[in-house]
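K.L.:
Just one file: my_file30.cif, with mmCIF, C-alpha atoms.
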data_structure
#
loop_
_atom_site.label_atom_id
_atom_site.label_comp_id
_atom_site.auth_asym_id
_atom_site.auth_seq_id
_atom_site.Cartn_x
_atom_site.Cartn_y
_atom_site.Cartn_z
CA MET I 5 0.00 0.00 0.00
CA LEU I 6 2.84 2.39 0.89
CA VAL I 7 4.51 1.75 -2.47
CA VAL I 8 1.25 2.55 -4.29
CA LEU I 9 0.90 5.84 -2.38
CA LEU I 10 4.48 6.83 -3.16
CA VAL I 11 3.98 6.10 -6.85
CA ALA I 12 0.76 8.13 -6.83
CA VAL I 13 2.51 11.10 -5.19
CA LEU I 14 5.36 10.95 -7.70
CA LEU I 15 2.92 10.82 -10.62
CA VAL I 16 0.97 13.83 -9.31
CA THR I 17 4.22 15.77 -8.72
CA ALA I 18 5.43 14.96 -12.23
CA ALA I 19 2.10 16.07 -13.68
CA ILE I 20 2.33 19.40 -11.83
CA LEU I 21 5.88 19.96 -13.04
CA ARG I 22 4.85 19.12 -16.60
CA SER I 23 1.95 21.55 -16.44
CA LYS I 24 4.21 24.31 -15.13
CA SER I 25 6.88 23.74 -17.73
CA ALA I 26 4.25 23.49 -20.46
CA GLY I 27 2.98 26.95 -19.53
CA SER I 28 6.41 28.58 -19.37
CA ARG I 29 8.04 30.36 -22.29
CA ARG I 30 11.51 31.69 -23.05
CA PHE I 31 11.79 35.23 -24.35
CA ALA I 32 14.75 37.16 -25.69
CA ILE I 33 14.93 40.79 -24.60
CA GLU I 34 15.08 43.49 -27.25
CA GLY I 35 16.24 47.03 -26.62
CA ALA I 36 17.07 48.85 -23.40
CA SER I 37 13.67 49.93 -22.03
CA MET I 38 14.08 47.64 -18.99
CA ALA I 39 17.68 48.65 -18.24
CA PRO I 40 19.44 48.18 -15.92
CA THR I 41 17.35 45.09 -15.04
CA LEU I 42 17.16 43.47 -18.47
CA LEU I 43 18.93 44.25 -21.73
CA GLY I 44 18.84 43.33 -25.37
CA GLU I 45 22.07 43.05 -27.33
CA THR I 46 24.76 45.43 -26.05
CA TRP I 47 28.34 46.48 -26.49
CA GLN I 48 30.62 46.07 -23.51
CA VAL I 49 32.43 49.37 -23.12
CA SER I 50 35.22 50.39 -20.79
CA CYS I 51 36.83 53.58 -19.57
CA PRO I 52 40.65 53.42 -19.58
CA ASP I 53 40.84 56.37 -17.17
CA CYS I 54 38.60 55.29 -14.29
CA GLY I 55 38.69 51.53 -14.90
CA LEU I 56 34.94 50.91 -15.15
CA VAL I 57 33.20 48.46 -17.50
CA TRP I 58 29.49 48.40 -18.41
CA PRO I 59 27.06 47.54 -21.25
CA VAL I 60 25.74 50.06 -23.79
CA ASP I 61 22.77 49.57 -26.11
CA THR I 62 23.96 48.54 -29.60
CA SER I 63 21.52 50.95 -31.28
CA GLN I 64 23.89 53.77 -30.35
CA ALA I 65 26.58 54.49 -32.88
CA ASP I 66 28.37 57.05 -30.72
CA TYR I 67 29.41 55.85 -27.27
CA GLY I 68 30.38 59.33 -26.15
CA LYS I 69 31.94 59.98 -22.77
CA CYS I 70 32.28 57.89 -19.64
CA TRP I 71 29.26 58.48 -17.39
CA HIS I 72 31.63 58.66 -14.39
CA CYS I 73 34.66 60.74 -15.43
CA GLY I 74 33.69 62.22 -18.82
CA ASN I 75 36.66 60.77 -20.73
CA PRO I 76 36.29 58.80 -24.01
CA VAL I 77 35.32 55.13 -23.75
CA ARG I 78 35.97 52.17 -26.01
CA ALA I 79 33.94 49.11 -26.97
CA SER I 80 35.54 45.73 -26.32
CA SER I 81 32.98 42.99 -27.05
CA ARG I 82 29.36 42.31 -27.94
CA ASN I 83 26.97 40.90 -25.31
CA PRO I 84 24.05 38.66 -26.32
CA GLN I 85 20.43 39.41 -25.43
CA ASP I 86 19.13 38.49 -21.99
CA GLN I 87 16.94 35.39 -22.04
CA VAL I 88 14.07 35.20 -19.54
CA GLU I 89 11.57 32.54 -18.54
CA VAL I 90 7.94 33.61 -18.25
CA GLN I 91 5.21 31.61 -16.49
CA PRO I 92 1.48 32.33 -16.17
CA ALA I 93 0.31 33.23 -12.66
CA LEU I 94 -3.02 33.32 -10.86
CA ALA I 95 -2.36 36.85 -9.62
CA TYR I 96 0.10 39.67 -10.30
CA GLN I 97 1.49 42.13 -7.77
CA ARG I 98 3.29 45.47 -7.76
CA HIS I 99 6.96 45.18 -8.84
CA ASP I 100 6.33 41.96 -10.82
CA LEU I 101 8.01 41.87 -14.22
CA VAL I 102 5.41 40.67 -16.69
CA ALA I 103 5.33 39.78 -20.37
CA PHE I 104 2.28 40.92 -22.33
CA ILE I 105 1.07 41.32 -25.89
CA ARG I 106 0.38 44.78 -27.32
CA ASP I 107 -0.22 45.51 -30.99
CA GLY I 108 0.87 41.98 -31.82
CA ARG I 109 4.28 42.36 -30.14
CA ARG I 110 5.66 40.94 -26.90
CA ASN I 111 6.69 43.44 -24.22
CA ILE I 112 8.20 43.10 -20.76
CA LYS I 113 7.56 45.83 -18.18
CA ARG I 114 7.20 46.21 -14.43
CA ILE I 115 3.81 46.44 -12.74
CA VAL I 116 3.59 49.58 -10.57
CA ALA I 117 -0.18 49.64 -9.94
CA ILE I 118 -2.74 46.83 -9.74
CA PRO I 119 -6.55 46.72 -10.16
CA GLY I 120 -8.42 49.15 -7.91
CA GLU I 121 -5.43 51.44 -7.29
CA THR I 122 -5.20 55.08 -8.35
CA VAL I 123 -2.22 56.45 -10.25
CA SER I 124 -1.67 60.19 -9.71
CA LEU I 125 1.07 62.80 -10.01
CA ASP I 126 3.11 64.98 -7.70
CA GLY I 127 4.83 67.27 -10.17
CA LEU I 128 6.52 64.75 -12.44
CA LYS I 129 6.60 61.95 -9.85
CA ILE I 130 4.19 59.05 -10.32
CA LEU I 131 2.25 58.22 -7.17
CA VAL I 132 0.25 55.11 -6.35
CA GLY I 133 -1.91 55.45 -3.27
CA GLU I 134 -0.27 58.87 -2.71
CA GLN I 135 3.18 57.27 -2.43
CA PRO I 136 6.02 57.60 -4.98
CA ILE I 137 7.06 54.32 -6.58
CA LEU I 138 10.70 53.24 -6.59
CA SER I 139 12.08 50.45 -8.73
CA GLU I 140 14.02 47.66 -7.03
CA ALA I 141 16.93 48.56 -9.34
CA GLU I 142 19.60 51.15 -8.49
CA LEU I 143 22.21 53.05 -10.49
CA PRO I 144 25.66 54.33 -9.46
CA VAL I 145 26.35 58.08 -9.25
CA ASP I 146 29.88 58.31 -7.85
CA LEU I 147 32.55 55.70 -7.05
CA ASP I 148 35.18 57.57 -5.08
CA ASP I 149 37.86 54.89 -5.23
CA HIS I 150 37.76 55.18 -9.05
CA ARG I 151 38.57 58.88 -9.11
CA GLN I 152 42.04 60.38 -9.29
CA LYS I 153 40.66 63.47 -7.59
CA SER I 154 37.83 63.02 -5.12
CA HIS I 155 34.55 64.91 -5.45
CA TRP I 156 34.24 64.91 -1.63
CA LEU I 157 35.73 68.05 -0.05
CA PRO I 158 37.56 68.86 2.10
CA SER I 159 39.32 65.61 1.41
CA ALA I 160 40.31 63.32 4.24
CA ARG I 161 41.29 60.63 1.74
CA THR I 162 44.56 58.74 2.18
CA PRO I 163 46.84 57.77 -0.78
CA ASP I 164 45.19 54.32 -0.87
CA ARG I 165 41.80 56.08 -1.26
CA HIS I 166 40.55 55.30 2.21
CA TRP I 167 38.94 57.90 4.43
CA GLN I 168 39.78 58.82 8.01
CA PHE I 169 37.04 60.46 10.07
CA ASP I 170 37.01 61.68 13.66
CA ALA I 171 34.27 63.40 15.64
CA SER I 172 36.79 65.96 16.87
CA ASP I 173 36.84 67.42 13.33
CA PRO I 174 33.91 69.87 13.08
CA ASP I 175 34.10 70.16 9.27
CA TRP I 176 31.55 68.47 7.06
CA CYS I 177 32.78 66.46 4.08
CA VAL I 178 30.58 67.58 1.15
CA TYR I 179 30.03 65.76 -2.15
CA TYR I 180 30.27 68.12 -5.17
CA HIS I 181 28.66 66.75 -8.32
CA GLN I 182 29.97 67.65 -11.77
CA SER I 183 28.34 67.13 -15.16
CA VAL I 184 30.25 64.95 -17.63
CA HIS I 185 28.02 66.45 -20.35
CA ASP I 186 28.97 70.05 -19.53
CA HIS I 187 32.77 70.05 -19.24
CA GLY I 188 32.76 69.06 -15.56
CA ARG I 189 30.80 72.10 -14.38
CA PRO I 190 28.82 71.92 -11.09
CA SER I 191 25.49 70.20 -11.70
CA PRO I 192 22.58 68.50 -9.94
CA VAL I 193 22.51 64.70 -10.18
CA TRP I 194 20.42 63.88 -13.25
CA ASP I 195 18.47 60.66 -13.85
CA ASP I 196 21.06 59.51 -16.37
CA TYR I 197 21.72 55.87 -17.34
CA SER I 198 25.10 54.48 -18.30
CA VAL I 199 23.43 52.14 -20.81
CA ASN I 200 22.00 55.21 -22.62
CA LEU I 201 25.48 56.56 -23.28
CA GLY I 202 25.49 58.70 -26.43
CA LEU I 203 21.68 58.77 -26.62
CA ALA I 204 20.07 62.22 -26.51
CA ARG I 205 17.14 62.34 -24.06
CA PRO I 206 15.57 64.87 -21.67
CA LEU I 207 16.70 64.33 -18.07
CA GLU I 208 15.37 65.39 -14.67
CA PRO I 209 17.15 65.96 -11.35
CA VAL I 210 17.32 63.02 -8.96
CA SER I 211 15.36 63.36 -5.72
CA GLN I 212 16.98 60.60 -3.63
CA LEU I 213 20.56 59.46 -3.09
CA ILE I 214 22.16 56.60 -1.16
CA VAL I 215 25.59 56.90 0.49
CA ARG I 216 27.49 53.65 0.99
CA GLY I 217 30.91 52.50 2.10
CA GLU I 218 32.96 49.75 3.75
CA VAL I 219 34.08 50.29 7.34
CA ILE I 220 37.70 49.20 7.77
CA GLU I 221 37.75 49.92 11.46
CA ALA I 222 35.65 51.99 13.83
CA SER I 223 35.46 52.79 17.51
CA LYS I 224 32.44 51.41 19.37
CA GLU I 225 30.73 54.78 19.50
CA ALA I 226 31.33 55.75 15.84
CA ILE I 227 28.21 57.35 14.34
CA LEU I 228 28.15 58.88 10.87
CA ARG I 229 25.65 61.65 10.14
CA VAL I 230 24.56 62.03 6.51
CA VAL I 231 22.70 65.23 5.57
CA SER I 232 20.77 65.98 2.38
CA HIS I 233 20.41 69.44 0.88
CA ARG I 234 16.67 68.95 1.46
CA GLN I 235 17.34 69.52 5.17
CA THR I 236 16.91 65.89 6.18
CA TYR I 237 19.44 63.51 7.71
CA VAL I 238 20.08 60.01 9.05
CA ASP I 239 22.60 58.72 11.60
CA VAL I 240 24.36 55.42 10.90
CA ARG I 241 26.39 53.41 13.41
CA LEU I 242 29.67 52.23 11.87
CA VAL I 243 30.89 48.73 12.68
CA SER I 244 34.39 47.49 11.91
CA GLY I 245 34.51 45.13 8.92
CA SER I 246 30.93 45.86 7.84
CA PRO I 247 29.35 47.90 5.04
CA PHE I 248 27.14 50.89 5.82
CA GLU I 249 24.26 52.50 3.97
CA ALA I 250 22.55 55.86 4.52
CA ARG I 251 19.45 57.25 2.81
CA PRO I 252 19.18 60.91 3.89
CA ASP I 253 16.28 61.63 1.50
CA SER I 254 14.07 58.69 2.52
CA ILE I 255 10.73 59.00 4.31
CA ASN I 256 12.45 57.69 7.46
CA ALA I 257 14.95 60.57 7.53
CA LYS I 258 14.70 63.24 10.22
CA THR I 259 14.49 66.99 9.71
CA TYR I 260 17.84 68.66 10.30
CA ALA I 261 17.39 71.61 12.64
CA GLY I 262 21.04 72.63 12.95
CA LEU I 263 23.16 74.88 10.79
CA LEU I 264 23.33 73.19 7.39
CA PRO I 265 26.72 72.50 5.83
CA VAL I 266 27.38 73.83 2.31
CA VAL I 267 24.76 71.72 0.56
CA ALA I 268 22.74 72.55 -2.55
CA PRO I 269 21.45 70.65 -5.63
CA GLU I 270 25.04 70.71 -6.96
CA SER I 271 26.41 69.52 -3.59
CA PRO I 272 23.55 67.27 -2.49
CA VAL I 273 24.99 65.38 0.51
CA ALA I 274 27.43 65.96 3.34
CA ILE I 275 28.84 63.62 5.98
CA ARG I 276 30.76 63.78 9.25
CA LEU I 277 31.22 61.70 12.39
CA VAL I 278 29.24 63.00 15.34
CA SER I 279 30.92 60.57 17.73
CA GLY I 280 33.93 58.25 17.71
CA SER I 281 36.41 57.66 14.90
CA ALA I 282 36.49 55.45 11.80
CA ALA I 283 38.35 54.49 8.65
CA VAL I 284 36.16 53.96 5.58
CA ALA I 285 36.81 52.53 2.11
CA SER I 286 34.86 52.36 -1.16
CA LEU I 287 32.85 55.51 -0.46
CA SER I 288 30.11 55.67 -3.09
CA ILE I 289 26.81 57.29 -4.02
CA ASP I 290 23.98 55.44 -5.73
CA ARG I 291 20.45 56.38 -6.64
CA PRO I 292 17.19 54.43 -6.65
CA ILE I 293 15.10 54.61 -9.80
CA LEU I 294 12.07 56.83 -9.19
CA TYR I 295 9.26 56.49 -11.72
CA ARG I 296 8.10 59.76 -13.27
CA ILE I 297 6.33 61.08 -16.30
CA ARG I 298 8.21 63.00 -18.96
CA ARG I 299 7.45 66.67 -19.62
CA ARG I 300 5.95 65.78 -22.99
CA ASP I 301 3.51 63.25 -21.46
CA ASP I 302 -0.24 63.89 -21.30
CA ARG I 303 -1.07 64.82 -17.69
CA SER I 304 -4.83 65.05 -18.31
CA ILE I 305 -5.28 61.27 -17.83
CA TYR I 306 -4.28 61.54 -14.15
CA PRO I 307 -5.52 60.69 -11.59
CA LEU I 308 -6.29 57.31 -13.16
CA THR I 309 -8.15 54.61 -11.21
CA LEU I 310 -7.63 51.10 -12.58
CA ASP I 311 -10.61 48.80 -13.06
CA GLU I 312 -10.67 45.18 -11.90
CA HIS I 313 -8.75 43.93 -14.95
CA GLU I 314 -6.21 46.73 -15.47
CA TYR I 315 -2.51 47.10 -14.62
CA PHE I 316 -0.23 50.14 -14.96
CA VAL I 317 3.20 49.08 -16.25
CA LEU I 318 6.47 50.98 -16.63
CA GLY I 319 9.98 50.34 -17.89
CA ASP I 320 12.95 50.71 -15.52
CA ASN I 321 14.74 52.88 -18.11
CA VAL I 322 12.48 55.80 -17.23
CA PRO I 323 13.70 58.44 -19.75
CA ILE I 324 13.26 56.27 -22.87
CA SER I 325 10.77 53.46 -22.09
CA ILE I 326 7.48 53.25 -24.02
CA ASP I 327 4.91 52.05 -21.47
CA SER I 328 1.61 52.91 -19.74
CA ARG I 329 2.59 56.58 -19.77
CA ASP I 330 2.15 56.33 -23.55
CA PHE I 331 -0.46 53.61 -24.20
CA GLY I 332 -2.31 53.52 -20.88
CA PRO I 333 -3.03 50.50 -18.65
CA ILE I 334 -2.87 46.97 -19.99
CA ARG I 335 -5.62 44.38 -19.52
CA ARG I 336 -5.28 41.13 -17.58
CA SER I 337 -6.09 39.27 -20.81
CA GLN I 338 -2.96 40.71 -22.45
CA ILE I 339 -0.56 39.30 -19.84
CA LEU I 340 1.33 36.16 -20.85
CA GLY I 341 2.97 35.63 -17.45
CA ARG I 342 5.50 36.72 -14.86
CA VAL I 343 9.26 36.72 -15.40
CA VAL I 344 10.44 34.01 -13.00
CA SER I 345 14.10 33.75 -13.95
CA ASP I 346 16.67 35.74 -15.84
CA ARG I 347 20.43 35.97 -16.25
CA ALA I 348 20.61 39.74 -15.93
CA ASP I 349 23.66 41.17 -14.17
CA HIS I 350 24.31 44.62 -15.55
CA ALA I 351 26.05 46.37 -12.70
CA VAL I 352 28.96 48.63 -13.50
CA THR I 353 32.06 46.53 -12.80
CA LYS I 354 35.51 47.59 -11.72
CA THR I 355 38.77 46.59 -13.36
CA ARG I 356 41.09 48.06 -10.77
#
Kindly transcribe the structure held in the file into structure tokens.
P.N.:
Amino acid sequence: MLVVLLVAVLLVTAAILRSKSAGSRRFAIEGASMAPTLLGETWQVSCPDCGLVWPVDTSQADYGKCWHCGNPVRASSRNPQDQVEVQPALAYQRHDLVAFIRDGRRNIKRIVAIPGETVSLDGLKILVGEQPILSEAELPVDLDDHRQKSHWLPSARTPDRHWQFDASDPDWCVYYHQSVHDHGRPSPVWDDYSVNLGLARPLEPVSQLIVRGEVIEASKEAILRVVSHRQTYVDVRLVSGSPFEARPDSINAKTYAGLLPVVAPESPVAIRLVSGSAAVASLSIDRPILYRIRRRDDRSIYPLTLDEHEYFVLGDNVPISIDSRDFGPIRRSQILGRVVSDRADHAVTKTR
């Protein structure tokens, strides 16, 4: 009897697996509308000056300047398209990547609003339920250990590009951003994409930044304060041998009531230890992807409440993606399934 039950269980399991695999499909990605999450065919380009390597959409004939240092880049190899597996699902949620059919063509976008929710605007920001929507993807802004001359001033950087901080120093260390598209002049941080290198597109200033680093060593009481030019801040305890992360623009940040350091859109963050001492390496700034409309988009359709079969979908490559900002919500009947696996790994890599 036990053998019969085991055989029955195995047969049922095999049938389930067959049904799942029968419903799954493999898709090849085309274009860069889902960058940096998914990419079609790309060139691998590198910057000889700052030692960074990253993919660039093959539709661009001119690779232009390095997104990080502004010096010329060179292409080294061709990368194949990402291949993804898509499976039907009983329900779809916010942040799911889904494949759907529109005008006879397959598309892959990210769901940002589901049936019954209202999509509205705050300026250019897209809100769902009165909250801005951030992608799970992030993009680098500044990698200090890949700069000959730091953009953090006054510099407490050692020759090996580590940083020494002590609470006895009253000076703030301020990050000064410079535009690689405008001869290194002071500039706000724009919602640029390294994969869009050489592609002309309207950009908007970034509203949130993330400061990260690796703590080499720190005293037990070491606390780093990170202030945004929007008069908000967070305190982060530094622990020897551990990474740290600070989001001074997040909804959890506190209002800074003290005398602000020299911060502005062109110098958007400042840091200093408020207690203890620490040595930090790999100081960097990243940005989350915030979904927004473009200035050319029709604002009259907002606020938009989705019916029981509608989904609002966007591409992670916000400046160039064609998505629900252009063609409106998609219907449940259009969705082929959820992306359940991919081989995407498009982070900027370091060669030194």
K.L.:
Do you know which residues are at most 10 Å from Gly319 (chain I) counting only C-alpha atoms, after dropping those on the same chain fewer than 6 positions away, and could you put them as a compact mmCIF listing (two decimals) with C-alpha atoms, in the frame of the given file?
P.N.:
# COMPACT_ATOMS: atom_id res chain seq x y z
CA ALA I 36 17.07 48.85 -23.40
CA SER I 37 13.67 49.93 -22.03
CA MET I 38 14.08 47.64 -18.99
CA ALA I 39 17.68 48.65 -18.24
CA PRO I 40 19.44 48.18 -15.92
CA THR I 41 17.35 45.09 -15.04
CA LEU I 42 17.16 43.47 -18.47
CA LEU I 101 8.01 41.87 -14.22
CA ASN I 111 6.69 43.44 -24.22
CA ILE I 112 8.20 43.10 -20.76
CA LYS I 113 7.56 45.83 -18.18
CA ARG I 114 7.20 46.21 -14.43
CA ILE I 115 3.81 46.44 -12.74
CA VAL I 116 3.59 49.58 -10.57
CA SER I 139 12.08 50.45 -8.73
CA TYR I 295 9.26 56.49 -11.72
CA SER I 325 10.77 53.46 -22.09
CA ILE I 326 7.48 53.25 -24.02
CA ASP I 327 4.91 52.05 -21.47
CA SER I 328 1.61 52.91 -19.74
CA ARG I 329 2.59 56.58 -19.77
K.L.:
Write out as a list in words the residues lying within 12 Å of Phe104 (chain I), counting all atoms listed in the file and excluding same-chain residues fewer than 5 positions away.
P.N.:
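Residues meeting the cut-off are Phe31, Val90, Gln91, Pro92, Arg109, Arg110, Asn111, Ile112, Lys113, Arg114, Ile115, Tyr315, Val317, Asp327, Pro333, Ile334, Arg335, Arg336, Ser337, Gln338, Ile339, Leu340, Gly341, Arg342 and Val343 of chain I.
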K.L.:
Given only C-alpha atoms as the basis, pick out the residue of I:Ala171, I:Cys73, I:Ile297, I:Val284 nearest to Arg151 (chain I).
P.N.:
I:Cys73
K.L.:
Using all atoms listed in the file, determine which residues lie at most 12 Å from Arg303 (chain I), disregarding the query and same-chain residues fewer than 3 positions distant; provide the list as a ChimeraX atom specification.
P.N.:
/I:123-130,296-300,306-308,329-330,332
K.L.:
Do you know which residues the PyMOL selection byres ((chain I and resi 285-294) around 9) returns on this file, as JSON, numbers by chain?
P.N.:
{"I": [129, 130, 136, 137, 138, 139, 140, 141, 142, 143, 144, 145, 146, 147, 148, 149, 150, 165, 166, 167, 195, 210, 211, 212, 213, 214, 215, 216, 217, 218, 219, 220, 283, 284, 295, 296, 320, 321, 322]}
K.L.:
Quick check, in Å to one decimal: how far apart do CA of Asn256 (chain I) and CA of Arg276 (chain I) lie?
P.N.:
19.4 Å
K.L.:
May I ask which of the residues I:Phe248, I:Tyr237, I:Trp176, I:Phe169 is the closest one to Ala282 (chain I), counting all atoms listed in the file?
P.N.:
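Looking only at the distances to Ala282 (chain I), the closest residue turns out to be I:Phe169.
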K.L.:
Give me, as a list of chain:residue names, all polymer residues having an atom no more than 9 Å from region 77-81 of chain I, counting all atoms listed in the file and skipping those fewer than 3 positions away in the same chain.
P.N.:
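The contact residues come out as I:Thr46, I:Trp47, I:Gln48, I:Val49, I:Ser50, I:Cys51, I:Pro52, I:Asp53, I:Val60, I:Tyr67, I:Gly68, I:Lys69, I:Cys70, I:Gly74.
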K.L.:
Which residues fall under the PyMOL selection byres ((chain I and resi 226-228) around 7) in this file, as a PyMOL selection string?
P.N.:
chain I and resi 222-225+229-230+239-242+275-282
K.L.:
Name every residue that the PyMOL selection byres ((chain I and resi 259) around 9) selects in this structure, writing the answer as number ranges by chain with chains first and numbers rising.
P.N.:
I: 234-238, 257-258, 260-261
K.L.:
Just how far from CA of Pro252 (chain I) is CA of Glu208 (chain I), in Å to one decimal?
P.N.:
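Calculated distance between CA of Glu208 (chain I) and CA of Pro252 (chain I) is 19.5 Å.
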K.L.:
Figure out the distance between CA of Pro190 (chain I) and CA of Val178 (chain I), please, to one decimal in Å.
P.N.:
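Between CA of Val178 (chain I) and CA of Pro190 (chain I) the gap is 13.1 Å.
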K.L.:
What lies within 12 Å of Arg189 (chain I) using only C-alpha atoms, ignoring chain neighbours under 5 positions off, as a list in words?
P.N.:
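Here the answer would be Gly74, Tyr180, His181, Gln182, Ser183, Val184, Glu270 and Ser271 of chain I.
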K.L.:
For Glu314 (chain I), which of I:Ala117, I:Leu157, I:Ala93, I:Ala274 is the closest residue, counting only C-alpha atoms?
P.N.:
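Closest candidate: I:Ala117.
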K.L.:
Padding 8 Å on every side, please: axis-aligned box over the listed atoms of region 186-192 of chain I, centre and edge lengths to one decimal in Å, as lines of an AutoDock Vina configuration file.
P.N.:
center_x = 27.7
center_y = 70.3
center_z = -14.7
size_x = 26.2
size_y = 19.6
size_z = 25.6
K.L.:
Considering all atoms listed in the file, can you say which of I:Leu43, I:Ala95, I:Cys54, I:Val267 comes closest to Asn83 (chain I)?
P.N.:
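Smallest distance to Asn83 (chain I) is found for I:Leu43.
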K.L.:
With distances taken over all atoms listed in the file, which of I:His233, I:Leu318, I:Glu45, I:Ile324 is nearest to Pro192 (chain I)?
P.N.:
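Closest to Pro192 (chain I), using all atoms listed in the file: I:His233.
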